[in-house]
>>> print(open('entry_19.csv').read())   # CSV, C-alpha atoms and all ligand atoms
chain,number,residue,atom,x,y,z
A,1,MET,CA,109.9,94.7,117.7
A,2,ASP,CA,108.9,92.7,120.8
A,3,GLU,CA,107.8,95.2,123.5
A,4,ARG,CA,104.9,97.5,122.3
A,5,VAL,CA,106.3,101.0,122.7
A,6,THR,CA,103.5,103.6,123.0
A,7,LEU,CA,104.0,107.2,121.8
A,8,ARG,CA,103.7,108.2,125.5
A,9,SER,CA,106.5,106.0,126.6
A,10,HIS,CA,108.6,107.0,123.5
A,11,LEU,CA,108.1,110.7,124.4
A,12,ASP,CA,108.9,110.0,128.1
A,13,ARG,CA,112.3,108.5,127.0
A,14,ALA,CA,113.0,111.3,124.5
A,15,ALA,CA,112.1,114.3,126.6
A,16,PRO,CA,115.2,114.3,128.9
A,17,LEU,CA,117.5,114.1,125.8
A,18,MET,CA,116.5,117.5,124.3
A,19,PRO,CA,116.1,121.1,125.3
A,20,GLN,CA,112.5,121.9,126.3
A,21,GLY,CA,112.0,118.2,125.9
A,22,THR,CA,109.0,118.1,128.4
A,23,ALA,CA,107.2,120.9,126.6
A,24,VAL,CA,107.9,119.4,123.1
A,25,ALA,CA,106.6,116.0,124.4
A,26,GLU,CA,103.4,117.7,125.6
A,27,VAL,CA,102.8,119.4,122.3
A,28,ILE,CA,103.3,116.2,120.3
A,29,ALA,CA,101.0,114.3,122.7
A,30,ALA,CA,98.4,117.0,122.3
A,31,LEU,CA,98.5,116.9,118.5
A,32,ALA,CA,98.5,113.1,118.6
A,33,ALA,CA,95.4,113.1,120.8
A,34,ALA,CA,93.6,115.6,118.5
A,35,SER,CA,94.6,113.4,115.5
A,36,VAL,CA,92.9,110.4,117.0
A,37,GLU,CA,89.7,112.5,117.3
A,38,LEU,CA,90.1,113.8,113.7
A,39,ALA,CA,90.7,110.3,112.4
A,40,ALA,CA,87.3,109.2,113.8
A,41,LEU,CA,85.6,112.3,112.2
A,42,ILE,CA,87.2,111.6,108.8
A,43,ALA,CA,86.2,107.9,109.0
A,44,ASP,CA,82.6,108.8,109.8
A,45,GLY,CA,82.5,111.7,107.3
A,46,PRO,CA,79.0,111.9,105.8
A,47,LEU,CA,77.6,109.7,108.5
A,48,VAL,CA,78.1,112.6,111.0
A,49,GLY,CA,77.2,115.4,108.6
A,50,ILE,CA,80.6,116.1,107.0
A,51,THR,CA,79.6,117.1,103.5
A,52,GLY,CA,83.0,118.2,102.2
A,53,GLN,CA,81.2,121.3,101.0
A,54,SER,CA,83.3,124.4,100.9
A,55,GLY,CA,82.4,127.3,103.2
A,56,GLY,CA,84.7,130.2,102.4
A,57,VAL,CA,88.3,130.3,101.3
A,58,ASN,CA,91.4,130.2,103.6
A,59,ALA,CA,94.1,132.8,103.9
A,60,ASP,CA,95.8,131.6,100.8
A,61,GLY,CA,92.7,131.6,98.7
A,62,ASP,CA,92.2,127.8,98.9
A,63,GLN,CA,88.6,126.5,99.0
A,64,GLN,CA,87.9,125.8,102.7
A,65,LYS,CA,85.7,122.7,103.4
A,66,ASP,CA,83.8,121.9,106.5
A,67,ILE,CA,86.3,119.2,107.4
A,68,ASP,CA,89.2,121.7,107.1
A,69,VAL,CA,87.4,124.1,109.6
A,70,ALA,CA,86.7,121.2,111.9
A,71,ALA,CA,90.3,119.9,111.8
A,72,ASP,CA,91.6,123.4,112.5
A,73,GLU,CA,89.3,123.8,115.5
A,74,MET,CA,90.4,120.4,116.9
A,75,MET,CA,94.1,121.2,116.6
A,76,ARG,CA,93.6,124.7,118.1
A,77,ARG,CA,91.6,123.3,121.0
A,78,ALA,CA,94.4,120.8,121.7
A,79,LEU,CA,97.2,123.3,121.4
A,80,ARG,CA,95.5,125.8,123.8
A,81,HIS,CA,96.1,123.2,126.5
A,82,ALA,CA,99.8,122.7,125.6
A,83,PRO,CA,102.8,124.9,126.1
A,84,VAL,CA,102.4,126.9,122.9
A,85,ALA,CA,103.1,130.6,122.6
A,86,ALA,CA,101.8,131.1,119.1
A,87,LEU,CA,100.3,129.1,116.2
A,88,VAL,CA,100.3,129.6,112.5
A,89,SER,CA,97.7,127.5,110.7
A,90,GLU,CA,96.9,127.1,107.0
A,91,GLU,CA,93.3,127.9,107.9
A,92,ALA,CA,93.9,131.3,109.4
A,93,ALA,CA,95.3,134.5,107.8
A,94,LEU,CA,97.3,135.5,110.9
A,95,PRO,CA,99.3,133.8,113.6
A,96,GLU,CA,97.3,133.3,116.9
A,97,THR,CA,99.0,134.1,120.2
A,98,LEU,CA,98.1,131.4,122.8
A,99,ASP,CA,100.3,131.6,126.0
A,100,PRO,CA,103.0,134.3,125.4
A,101,ALA,CA,105.1,132.8,128.2
A,102,ALA,CA,105.1,129.3,126.7
A,103,PRO,CA,108.4,128.0,125.3
A,104,LEU,CA,107.2,126.7,121.9
A,105,CYS,CA,105.6,127.9,118.6
A,106,VAL,CA,103.7,125.6,116.2
A,107,ALA,CA,103.0,125.8,112.5
A,108,ILE,CA,100.3,123.4,111.2
A,109,ASP,CA,98.4,122.3,108.2
A,110,PRO,CA,95.4,120.8,110.1
A,111,LEU,CA,94.2,118.8,107.1
A,112,ASP,CA,96.3,118.6,104.0
A,113,GLY,CA,94.9,117.0,100.9
A,114,SER,CA,91.2,117.4,101.9
A,115,SER,CA,90.2,117.7,98.3
A,116,ASN,CA,90.9,113.9,98.1
A,117,LEU,CA,88.4,113.0,100.9
A,118,GLU,CA,85.4,112.7,98.5
A,119,ASN,CA,87.1,109.8,96.9
A,120,ASN,CA,88.5,108.2,100.1
A,121,ILE,CA,92.2,108.9,99.5
A,122,SER,CA,94.6,109.3,102.4
A,123,VAL,CA,94.9,112.9,103.8
A,124,GLY,CA,96.9,114.2,106.7
A,125,THR,CA,97.9,116.7,109.4
A,126,ILE,CA,101.4,118.3,109.1
A,127,PHE,CA,103.1,120.0,112.1
A,128,SER,CA,106.3,121.9,112.8
A,129,ILE,CA,107.5,122.8,116.3
A,130,ARG,CA,110.1,125.4,117.1
A,131,PRO,CA,111.4,127.2,120.3
A,132,ARG,CA,109.7,130.6,120.9
A,133,GLY,CA,112.1,133.5,120.1
A,134,ASN,CA,112.3,136.7,122.2
A,135,ASP,CA,109.8,138.2,119.8
A,136,ILE,CA,107.1,135.6,119.5
A,137,LEU,CA,106.0,136.2,115.9
A,138,SER,CA,109.6,136.6,114.6
A,139,THR,CA,110.0,132.9,115.6
A,140,PHE,CA,108.1,131.9,112.5
A,141,PHE,CA,110.5,133.7,110.2
A,142,GLU,CA,113.6,131.9,111.4
A,143,PRO,CA,115.1,129.2,109.0
A,144,GLY,CA,113.7,125.7,109.1
A,145,THR,CA,116.8,124.6,111.0
A,146,ALA,CA,115.2,126.3,114.1
A,147,GLN,CA,112.7,123.5,114.3
A,148,CYS,CA,113.1,121.2,117.2
A,149,ALA,CA,110.6,118.6,116.1
A,150,ALA,CA,108.1,118.0,113.2
A,151,GLY,CA,106.0,115.3,111.7
A,152,PHE,CA,102.7,114.4,110.1
A,153,VAL,CA,99.7,112.1,110.5
A,154,VAL,CA,98.3,110.1,107.6
A,155,TYR,CA,94.6,109.3,107.9
A,156,GLY,CA,94.5,106.3,105.6
A,157,PRO,CA,93.8,102.5,105.9
A,158,GLN,CA,96.0,103.0,109.0
A,159,THR,CA,96.3,106.2,111.0
A,160,THR,CA,100.0,106.7,110.9
A,161,LEU,CA,102.1,109.2,112.8
A,162,VAL,CA,105.6,110.0,111.4
A,163,LEU,CA,107.6,111.8,114.0
A,164,ALA,CA,111.0,113.6,113.6
A,165,LEU,CA,112.4,114.0,117.1
A,166,ASN,CA,115.9,114.0,118.5
A,167,ARG,CA,117.4,113.9,115.0
A,168,GLN,CA,115.6,110.6,114.1
A,169,VAL,CA,112.4,109.6,112.4
A,170,ASP,CA,110.1,107.1,113.9
A,171,ILE,CA,106.7,105.7,112.7
A,172,PHE,CA,103.7,104.9,114.9
A,173,ILE,CA,100.4,103.3,114.0
A,174,LEU,CA,97.2,104.0,115.9
A,175,ASP,CA,95.9,100.9,117.7
A,176,ARG,CA,92.1,101.5,117.4
A,177,ARG,CA,91.4,99.2,120.4
A,178,SER,CA,93.6,101.1,122.9
A,179,GLN,CA,93.4,104.4,121.0
A,180,GLN,CA,97.2,104.6,121.4
A,181,PHE,CA,99.9,105.2,118.8
A,182,ILE,CA,102.3,102.2,118.8
A,183,LEU,CA,105.9,102.4,117.5
A,184,VAL,CA,106.3,100.2,114.4
A,185,LYS,CA,109.5,101.6,112.8
A,186,GLN,CA,112.4,103.2,114.5
A,187,GLY,CA,115.2,105.3,112.9
A,188,VAL,CA,113.7,105.2,109.4
A,189,LYS,CA,116.1,105.9,106.6
A,190,VAL,CA,115.2,107.0,103.1
A,191,ARG,CA,116.8,104.9,100.4
A,192,SER,CA,119.4,107.0,98.6
A,193,ASP,CA,118.5,106.1,95.0
A,194,THR,CA,115.1,104.8,94.0
A,195,PRO,CA,114.0,105.2,90.4
A,196,GLU,CA,110.5,106.6,91.2
A,197,PHE,CA,109.3,110.2,90.8
A,198,ALA,CA,106.1,111.9,91.9
A,199,ILE,CA,105.0,115.0,90.1
A,200,ASN,CA,101.7,116.3,88.6
A,201,ALA,CA,102.6,115.6,85.0
A,202,SER,CA,99.6,117.5,83.7
A,203,ASN,CA,101.6,120.6,84.4
A,204,ARG,CA,104.5,119.8,82.1
A,205,ARG,CA,103.9,122.6,79.7
A,206,HIS,CA,104.1,125.0,82.7
A,207,TRP,CA,107.4,123.7,84.1
A,208,HIS,CA,110.6,125.6,83.8
A,209,GLY,CA,113.4,124.1,81.8
A,210,PRO,CA,115.4,122.3,84.6
A,211,VAL,CA,112.4,120.4,85.9
A,212,ARG,CA,111.3,119.5,82.4
A,213,ALA,CA,114.8,118.3,81.6
A,214,TYR,CA,115.0,116.1,84.7
A,215,ILE,CA,111.6,114.5,84.2
A,216,ASP,CA,112.4,113.9,80.5
A,217,GLU,CA,115.6,112.1,81.6
A,218,CYS,CA,113.6,109.9,84.0
A,219,LEU,CA,111.0,109.1,81.3
A,220,ALA,CA,113.7,108.2,78.9
A,221,GLY,CA,115.0,105.7,81.4
A,222,THR,CA,117.5,103.2,80.0
A,223,ASN,CA,116.6,104.4,76.5
A,224,GLY,CA,118.3,107.6,77.5
A,225,ASP,CA,121.3,108.2,79.7
A,226,ARG,CA,119.7,106.8,82.9
A,227,ASP,CA,120.9,103.5,84.4
A,228,ALA,CA,117.3,102.6,85.3
A,229,ASP,CA,113.7,102.8,84.1
A,230,PHE,CA,111.6,105.0,86.3
A,231,ASN,CA,108.2,104.5,87.8
A,232,MET,CA,105.8,107.4,88.5
A,233,ARG,CA,103.3,108.1,91.3
A,234,TRP,CA,101.0,111.1,91.9
A,235,ILE,CA,98.5,110.9,94.8
A,236,GLY,CA,97.7,114.5,95.2
A,237,SER,CA,98.2,114.2,99.0
A,238,LEU,CA,101.6,115.4,100.3
A,239,VAL,CA,101.5,113.2,103.4
A,240,ALA,CA,100.9,110.0,101.4
A,241,GLU,CA,103.7,110.8,99.0
A,242,ALA,CA,106.1,111.6,101.9
A,243,LEU,CA,105.2,108.3,103.7
A,244,ARG,CA,105.8,106.3,100.5
A,245,ILE,CA,109.2,108.0,100.1
A,246,LEU,CA,110.1,107.1,103.7
A,247,VAL,CA,109.1,103.5,103.0
A,248,ARG,CA,110.7,103.0,99.6
A,249,GLY,CA,112.5,106.1,98.5
A,250,GLY,CA,112.1,108.2,95.4
A,251,VAL,CA,111.7,111.9,94.7
A,252,PHE,CA,108.7,114.2,95.1
A,253,LEU,CA,108.5,117.4,93.1
A,254,TYR,CA,106.1,120.3,93.4
A,255,PRO,CA,108.2,122.9,91.5
A,256,ALA,CA,107.5,126.5,90.7
A,257,ASP,CA,105.8,126.8,87.3
A,258,ALA,CA,104.5,129.4,84.9
A,259,ARG,CA,100.9,129.3,86.0
A,260,PRO,CA,99.5,132.4,87.7
A,261,GLY,CA,99.9,132.0,91.4
A,262,TYR,CA,102.4,129.2,91.0
A,263,ARG,CA,105.5,131.3,90.7
A,264,GLU,CA,106.8,129.8,93.9
A,265,GLY,CA,104.9,126.5,93.5
A,266,ARG,CA,101.9,125.4,95.6
A,267,LEU,CA,103.3,124.2,98.9
A,268,ARG,CA,103.8,126.5,101.9
A,269,LEU,CA,107.1,126.8,103.6
A,270,LEU,CA,106.1,127.1,107.3
A,271,TYR,CA,103.7,124.2,107.7
A,272,GLU,CA,104.4,121.9,104.7
A,273,ALA,CA,108.0,122.3,103.3
A,274,HIS,CA,109.8,123.0,106.6
A,275,PRO,CA,108.3,120.0,108.5
A,276,MET,CA,108.7,117.7,105.5
A,277,ALA,CA,112.3,118.8,105.0
A,278,LEU,CA,113.1,118.1,108.7
A,279,VAL,CA,111.6,114.6,108.4
A,280,MET,CA,113.5,113.9,105.2
A,281,GLU,CA,116.8,115.2,106.4
A,282,TRP,CA,116.6,113.4,109.8
A,283,ALA,CA,115.8,110.2,107.8
A,284,GLY,CA,118.9,110.7,105.6
A,285,GLY,CA,117.1,112.2,102.7
A,286,SER,CA,117.1,115.7,101.3
A,287,ALA,CA,114.7,118.6,100.6
A,288,SER,CA,115.4,121.5,98.2
A,289,THR,CA,113.8,124.2,96.2
A,290,GLY,CA,115.9,122.9,93.3
A,291,ARG,CA,118.4,125.7,94.1
A,292,ARG,CA,118.5,125.9,97.9
A,293,ARG,CA,118.2,123.6,100.9
A,294,ILE,CA,114.7,124.1,102.3
A,295,LEU,CA,115.8,124.1,105.9
A,296,GLU,CA,118.1,127.2,105.3
A,297,LEU,CA,115.1,129.2,104.2
A,298,GLY,CA,113.2,131.5,106.5
A,299,ALA,CA,109.6,132.6,105.8
A,300,LYS,CA,108.9,136.3,105.0
A,301,THR,CA,105.1,135.8,105.3
A,302,PRO,CA,103.1,133.1,107.2
A,303,HIS,CA,101.7,131.5,104.0
A,304,GLN,CA,104.7,131.9,101.8
A,305,ARG,CA,104.9,129.3,99.1
A,306,VAL,CA,108.1,127.5,98.0
A,307,PRO,CA,109.1,125.0,95.4
A,308,LEU,CA,109.6,121.6,97.0
A,309,ILE,CA,111.8,118.7,95.8
A,310,MET,CA,112.3,116.1,98.5
A,311,GLY,CA,113.2,112.5,99.0
A,312,SER,CA,116.2,110.3,98.1
A,313,VAL,CA,119.5,112.1,98.1
A,314,ARG,CA,120.3,111.0,94.5
A,315,GLY,CA,117.0,112.3,93.1
A,316,VAL,CA,117.1,115.7,94.9
A,317,ARG,CA,120.8,116.1,94.0
A,318,ASP,CA,120.1,115.3,90.3
A,319,VAL,CA,117.4,118.0,90.2
A,320,ALA,CA,119.7,120.5,91.8
A,321,ALA,CA,122.5,119.6,89.4
A,322,ILE,CA,120.4,120.5,86.4
A,323,HIS,CA,119.5,123.8,88.1
A,324,GLU,CA,123.2,124.6,88.8
A,325,GLY,CA,125.0,127.0,86.5
A,326,ILE,CA,121.7,128.2,85.1
A,327,GLU,CA,120.7,131.7,86.3
A,328,PRO,CA,117.1,131.7,87.7
A,329,MET,CA,116.2,134.2,85.1
A,330,PHE,CA,116.7,131.5,82.5
A,331,ASP,CA,114.7,129.0,84.4
A,332,ASN,CA,111.5,129.4,82.3
A,333,SER,CA,113.4,129.6,79.1
A,334,ASP,CA,112.5,127.1,76.5
A,335,ALA,CA,115.9,127.6,75.0
A,336,PRO,CA,117.4,124.5,73.3
A,337,LEU,CA,119.9,124.7,76.2
A,338,PHE,CA,117.6,122.5,78.3
A,339,ALA,CA,116.8,120.1,75.5
A,340,ARG,CA,120.6,119.5,75.2
A,341,ARG,CA,121.6,120.1,78.7
A,342,GLY,CA,119.9,117.3,80.7
A,343,LEU,CA,121.9,115.8,83.4
A,344,PHE,CA,124.4,113.8,81.5
A,345,ARG,CA,125.5,116.3,78.8
B,401,LIG,P1,94.6,120.3,99.0
B,401,LIG,O1,94.9,120.4,100.5
B,401,LIG,O2,94.0,121.6,98.4
B,401,LIG,O3,93.9,119.1,98.6
B,401,LIG,O4,96.0,120.3,98.3
B,401,LIG,C1,96.9,119.2,98.6
B,401,LIG,C2,98.3,119.6,98.2
B,401,LIG,O5,98.6,120.8,98.9
B,401,LIG,C3,99.3,118.5,98.5
B,401,LIG,O6,98.9,117.7,99.5
B,401,LIG,C4,99.4,117.8,97.2
B,401,LIG,O7,100.7,117.2,97.0
B,401,LIG,C5,99.2,118.9,96.2
B,401,LIG,O8,98.3,119.9,96.8
B,401,LIG,C6,98.5,118.4,95.0
B,401,LIG,O9,98.4,119.5,94.1
B,401,LIG,P2,97.8,119.4,92.7
B,401,LIG,O10,96.3,119.2,92.9
B,401,LIG,O11,98.1,120.7,92.0
B,401,LIG,O12,98.4,118.2,92.0
>>> encode(input="entry_19.csv", output="structure tokens")
Amino acid sequence: MDERVTLRSHLDRAAPLMPQGTAVAEVIAALAAASVELAALIADGPLVGITGQSGGVNADGDQQKDIDVAADEMMRRALRHAPVAALVSEEAALPETLDPAAPLCVAIDPLDGSSNLENNISVGTIFSIRPRGNDILSTFFEPGTAQCAAGFVVYGPQTTLVLALNRQVDIFILDRRSQQFILVKQGVKVRSDTPEFAINASNRRHWHGPVRAYIDECLAGTNGDRDADFNMRWIGSLVAEALRILVRGGVFLYPADARPGYREGRLRLLYEAHPMALVMEWAGGSASTGRRRILELGAKTPHQRVPLIMGSVRGVRDVAAIHEGIEPMFDNSDAPLFARRGLFR
């Protein structure tokens, strides 16, 4: 890529091609600017008084760290100066109305994966942008297909912005000298079939039958019915997993499981699964609950959780195939059905 394309010039080219394009570009630019500020705060961490200590808990009962609160404040401050009618944040129980006449609504996880910061693992900001409906708050309860843009920032060795806009996914890296995001990959496509899965394997005893059957097939590799041996990754940071999948494919699973509070998994629909699903689908991948396409789902509450299986089309399809024909009520059965059933029998 010869000419250095900045995020600003990329947005200027994209805006005329989409409805509300100028407003969408303004929101993305505002979030990007706030992410540059947040990247610096994360990099300095303890040197500027960030202790990682938790203050209270957020709306969903997660421990809230000082950096989570700071990230939320940064993103809110930025969005108050952008054409945003209302905001749902992981860090606040209720949606916040900003400018009721503005054309867009935003759902955001200001800092996902913050429990990894104490050991210097990549974390991120995840955002979802959708046109404001006639009734502002009902906007957030429309299906994920209502989104007009989405993306995430990874605060890692590089500060990377992944942007789904105009039905394509592009990747930018922050040039620390100019403090500008520079386009490095255009029209990213997820490989359709990579033998790599990401799941927190310590929860195996809590998984329902179909997920256990799928992972056991992967673990068996060519000793079983699979045509490949599988690799495994688990970073504990959704943005890092998603970026890896965009780079080399594979499947990520955070399923529902039998633990209290995990009946619908861990990840939230509005500001984690919806944006990730838009990124994956616009990059030629898939995102499902195991039974339903994530983008077809509408939230019933702002912090609703949902099982998330996303990535290569083959991997997501294989997980869905094991779920097919099995009534949800039997999901958590340990019946020998699953031991036999697998994907190939
Ligand atoms: P935190 O934001 O509480 O660190 O959670 C991160 C996360 O929501 C997501 O980024 C990870 O994929 C997932 O949790 C890891 O969950 P486990 O800790 O249960 O493996």
>>> closest_atom_pairs(input="entry_19.csv", of="chain A", to="ligand LIG 401 (chain B)", cutoff="7 Å", atoms="all atoms listed in the file", output="Markdown table")
| residue | atom | partner | partner_atom | distance |
| --- | --- | --- | --- | --- |
| A:Asp62 | CA | B:LIG401 | O2 | 6.5 |
| A:Leu111 | CA | B:LIG401 | O1 | 6.8 |
| A:Asp112 | CA | B:LIG401 | O1 | 4.2 |
| A:Gly113 | CA | B:LIG401 | O3 | 3.3 |
| A:Ser114 | CA | B:LIG401 | O3 | 4.6 |
| A:Ser115 | CA | B:LIG401 | O3 | 4.0 |
| A:Asn116 | CA | B:LIG401 | O3 | 6.0 |
| A:Asn200 | CA | B:LIG401 | O12 | 5.1 |
| A:Gly236 | CA | B:LIG401 | C6 | 4.0 |
| A:Ser237 | CA | B:LIG401 | O6 | 3.6 |
| A:Leu238 | CA | B:LIG401 | O6 | 3.6 |
| A:Val239 | CA | B:LIG401 | O6 | 6.5 |
| A:Arg266 | CA | B:LIG401 | O5 | 6.6 |
| A:Leu267 | CA | B:LIG401 | O5 | 5.8 |
>>> atom_distance(input="entry_19.csv", atom1="atom CA of A:Gly250", atom2="atom CA of A:Gln186")
19.7 Å
>>> closest_residue(input="entry_19.csv", among="A:Val27, A:Asp257, A:Gly56, A:Thr222", to="A:Ser202", atoms="all atoms listed in the file")
A:Asp257
>>> closest_residue(input="entry_19.csv", among="A:Leu278, A:Leu87, A:Met310, A:Ala256", to="A:Ala149", atoms="all atoms listed in the file")
A:Leu278
>>> atom_distance(input="entry_19.csv", atom1="atom CA of A:Ala70", atom2="atom CA of A:Leu308")
27.3 Å
>>> residues_around(input="entry_19.csv", residues="A:Phe230", least_positions_apart="4", cutoff="12 Å", atoms="only C-alpha atoms", output="mmCIF file with C-alpha atoms, keeping the file's coordinate frame")
data_model
loop_
_atom_site.group_PDB
_atom_site.id
_atom_site.type_symbol
_atom_site.label_atom_id
_atom_site.label_comp_id
_atom_site.auth_asym_id
_atom_site.auth_seq_id
_atom_site.Cartn_x
_atom_site.Cartn_y
_atom_site.Cartn_z
ATOM 1 C CA ASP A 193 118.500 106.100 95.000
ATOM 2 C CA THR A 194 115.100 104.800 94.000
ATOM 3 C CA PRO A 195 114.000 105.200 90.400
ATOM 4 C CA GLU A 196 110.500 106.600 91.200
ATOM 5 C CA PHE A 197 109.300 110.200 90.800
ATOM 6 C CA ALA A 198 106.100 111.900 91.900
ATOM 7 C CA TYR A 214 115.000 116.100 84.700
ATOM 8 C CA ILE A 215 111.600 114.500 84.200
ATOM 9 C CA ASP A 216 112.400 113.900 80.500
ATOM 10 C CA GLU A 217 115.600 112.100 81.600
ATOM 11 C CA CYS A 218 113.600 109.900 84.000
ATOM 12 C CA LEU A 219 111.000 109.100 81.300
ATOM 13 C CA ALA A 220 113.700 108.200 78.900
ATOM 14 C CA GLY A 221 115.000 105.700 81.400
ATOM 15 C CA THR A 222 117.500 103.200 80.000
ATOM 16 C CA ASN A 223 116.600 104.400 76.500
ATOM 17 C CA GLY A 224 118.300 107.600 77.500
ATOM 18 C CA ARG A 226 119.700 106.800 82.900
ATOM 19 C CA GLY A 250 112.100 108.200 95.400
ATOM 20 C CA VAL A 251 111.700 111.900 94.700
ATOM 21 C CA GLY A 315 117.000 112.300 93.100
#
>>> residues_around(input="entry_19.csv", residues="A:Leu98", least_positions_apart="2", cutoff="12 Å", atoms="only C-alpha atoms", output="ChimeraX atom specification")
/A:76-88,95-96,100-106,132,136-137
>>> write_last_selection(input="entry_19.csv", atoms="C-alpha atoms", output="JSON list (two decimals), in the coordinates of the input")
[["chain", "number", "residue", "atom", "x", "y", "z"],
["A", 76, "ARG", "CA", 93.60, 124.70, 118.10],
["A", 77, "ARG", "CA", 91.60, 123.30, 121.00],
["A", 78, "ALA", "CA", 94.40, 120.80, 121.70],
["A", 79, "LEU", "CA", 97.20, 123.30, 121.40],
["A", 80, "ARG", "CA", 95.50, 125.80, 123.80],
["A", 81, "HIS", "CA", 96.10, 123.20, 126.50],
["A", 82, "ALA", "CA", 99.80, 122.70, 125.60],
["A", 83, "PRO", "CA", 102.80, 124.90, 126.10],
["A", 84, "VAL", "CA", 102.40, 126.90, 122.90],
["A", 85, "ALA", "CA", 103.10, 130.60, 122.60],
["A", 86, "ALA", "CA", 101.80, 131.10, 119.10],
["A", 87, "LEU", "CA", 100.30, 129.10, 116.20],
["A", 88, "VAL", "CA", 100.30, 129.60, 112.50],
["A", 95, "PRO", "CA", 99.30, 133.80, 113.60],
["A", 96, "GLU", "CA", 97.30, 133.30, 116.90],
["A", 100, "PRO", "CA", 103.00, 134.30, 125.40],
["A", 101, "ALA", "CA", 105.10, 132.80, 128.20],
["A", 102, "ALA", "CA", 105.10, 129.30, 126.70],
["A", 103, "PRO", "CA", 108.40, 128.00, 125.30],
["A", 104, "LEU", "CA", 107.20, 126.70, 121.90],
["A", 105, "CYS", "CA", 105.60, 127.90, 118.60],
["A", 106, "VAL", "CA", 103.70, 125.60, 116.20],
["A", 132, "ARG", "CA", 109.70, 130.60, 120.90],
["A", 136, "ILE", "CA", 107.10, 135.60, 119.50],
["A", 137, "LEU", "CA", 106.00, 136.20, 115.90]]
>>> closest_residue(input="entry_19.csv", among="A:Asn58, A:Thr6, A:Ser122, A:Pro46", to="A:Ala92", atoms="all atoms listed in the file")
A:Asn58
>>> closest_residue(input="entry_19.csv", among="A:Gly133, A:Gly124, A:Gly144, A:Gly261", to="A:Gln158", atoms="all atoms listed in the file")
A:Gly124
>>> residues_near_point(input="entry_19.csv", point="(111.0, 125.1, 104.0)", cutoff="6 Å", atoms="only C-alpha atoms", output="list of chain:residue names")
A:Gly144, A:Leu269, A:Ala273, A:His274, A:Ile294, A:Leu295, A:Leu297
>>> residues_around(input="entry_19.csv", residues="A:Ile309", least_positions_apart="4", cutoff="6 Å", atoms="all atoms listed in the file", output="number ranges by chain")
A: 252-253, 287-289
